[in-house]
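Only one structure is covered here, and it is reproduced in the block below.
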Amino acid sequence: MKRRSAVRWIIIGLISVATIVNYIDRNALAVMWPEIAGQIGATKEDYALLVTVFMLFYAAGQFGFGRLFDIIGVRLGFTLSVAVWSVSIALHAVASSILSFGVFRAMLGVSEAGAWPGAVKAIAEWFPSRERAFAQGIFNAGASLGSVVSAPLIALLFLSLGWKSTFVVIGVLGFVWLLPWLVIYRCGPDRHPWVSEAERVLILDAPEDAGDAVQPVYAPGVRGLMSHRQSWGIVLARFFLDPIWWLFLAWLPIYLAETFGFDIKQIGLFAWVPYVGAMFGSLFGGWLSGRLIARGWSVERARKWSITVGGAIMAPGLLGAVLAVQPVFAVLTIAAVLFGFQVAIGNIQTLPSDVFHGRSVGSLAGIGGMAAVAGTLVTTWLVPVMTKQSFAPIFILVGTLVPLSLIAIWWIAGPIRKLDGPPAGK
């Protein structure tokens with residue numbers, strides 16, 4: 001029996017750690033905003049502007065890095081993304097106005113966006129189809145764990161060092177991560193010296209006697225990608241669903257401060273709880289679809305029903321958040337929402353690799369990320385308008401997005417299968 005190595009799990013573990021760092025960096029401003037706003041004389045509308053700047057450049061980064069990862073590969077793509085975002089967050093320490101914060105948030109948005117198309121592409125290259133959703137779940141769990149640790153960690157650093165030094169300290173984390181990344185991720189699984197032949201066969205989903213023959217694959221550019229209904233379904237699902245995640249990511253500390261009168265210390269004690277739910281949802285969603293495929297379900301059926309389970313959990317959770325009058329109940333119901341969200345989104349993010357081959361996966365993931373940002377920008381500017389009395393109206397609004405995302409997956413996307421050519425008639 002041939003020995004099977006497990007390099008692919010080390011790779012996704014490293015990428016998951018990078019995502020933890022990513023979320024510590026991006027959440028730092030939200031956690032410390034009550035103090036920073038007081039020092040620079042900023043308002044809620046100013047914060048919404050900074051979120052918008054971040055998201056606009058994040059959208060550009062999703063598309064740009066999606067194409068870049070397809071060109072330069074996963075190793076160099078992640079190196080560039082992590083290095084730039086680490087410098088960007090450290091530079092927040094010298095910001096003193098909305099303008100300077102806006103410049104550094106733009107740099108951060110562009111560079112942090114690279115992690116998502118990069119992870120999707122890495123998973124497509126390193127995992128067989130039955131393992132991809134679980135690998136995506138591990139990656140998404142890194143984002144959730146980053147949100148879990150960021151609030152108490154940032155609050156602790158802030159209380160010890162102040163907000164300027166906190167930005168510098170967390171900026172160092174990305175450069176620490178680059179050391180093992182450059183040592184371990186030497187190349188893809190087809191040539192990596194640590195990958196055994198048994199693991200290589202598993203990753204490539206190929207029979208052991210397949211030989212070295214390389215078959216031509218269908219790898220369209222952007223226009224070709226968007227000629228398929230599957231691409232439109234994936235992109236629209238991201239447009240409708242992602243604003244739910246970003247609503248809580250960007251506004252949860254401010255929601256706790258305005259609704260329950262929390263200070264930064266209390267935010268640090270409570271704001272991590274919902275992301276524990278998100279972390280377990282990431283792992284459960286990936287396990288669920290993988291389990292269904294192992295039991296004989298088609299990839300399409302397993303992915304779509306897992307996404308639907310996530311949507312069914314989100315809806316009552318959002319209703320609970322609307323009715324919450326105690327902070328403990330509020331964070332627990334939001335934890336249920338984010339659990340369901342991650343069950344759904346992990347499977348949606350896996351779909352590009354289910355439909356297209358590796359050289360197009362990063363591009364479609366990047367386009368989906370751009371659509372997610374577009375949807376999020378709408379809710380970002382609605383928050384200050386709709387939350388003058390409470391956050392209930394915005395929670396109700398995003399609740400209506402859940403069925404729209406399911407329509408995109410079930411009816412617009414159509415059959416989920418590997419595509420080998422352009423649509424008929426094209």
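Quick note on naming: the chains in the structure tokens go A, B, ... in the order shown, residues restart at 1 in each chain, and ligands are numbered from 1 in order of appearance.
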
| What's the 10 Å shell around segment 32-43 of chain A, counting only C-alpha atoms, without same-chain residues fewer than 6 positions away, as a ChimeraX atom specification? | /A:49,95-98,151,154-155,158,162-164,166,253-254,257,262-265,267-268

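By chain and then residue number, the residues within 12 Å of Ser390 of chain A are Ile254, Tyr255, Leu256, Ala257, Glu258, Thr259, Phe260, Ala321, Val322, Leu323, Ala324, Val325, Val383, Pro384, Val385, Phe395 and Ile396 of chain A, counting only C-alpha atoms and disregarding those fewer than 5 positions away in sequence.
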
| query | With only C-alpha atoms as the atoms that count, which of A:Val87, A:Leu80, A:Val276, A:Ile234 lies nearest to Val149 of chain A? | reply | A:Val276

| For the atom pair atom CA of Val361 of chain A and atom CA of Ile24 of chain A, what is the interatomic distance in Å to one decimal place? |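 We find that atom CA of Val361 of chain A and atom CA of Ile24 of chain A lie 26.8 Å from each other.
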
| said: So that I can check the surroundings of Pro415 of chain A, please list as an NGL selection string every protein, DNA and RNA residue that reaches within 9 Å of it, counting only C-alpha atoms and ignoring chain neighbours fewer than 5 positions away. | reply: :A and (229-230 or 300 or 410)

| What are the DSSP helix (DSSP H, G or I) residues of segment 169-377 of chain A, as a PyMOL selection string? | chain A and resi 169-184+197-203+222-225+229-260+264-270+273-294+299-323+327-355+358-377
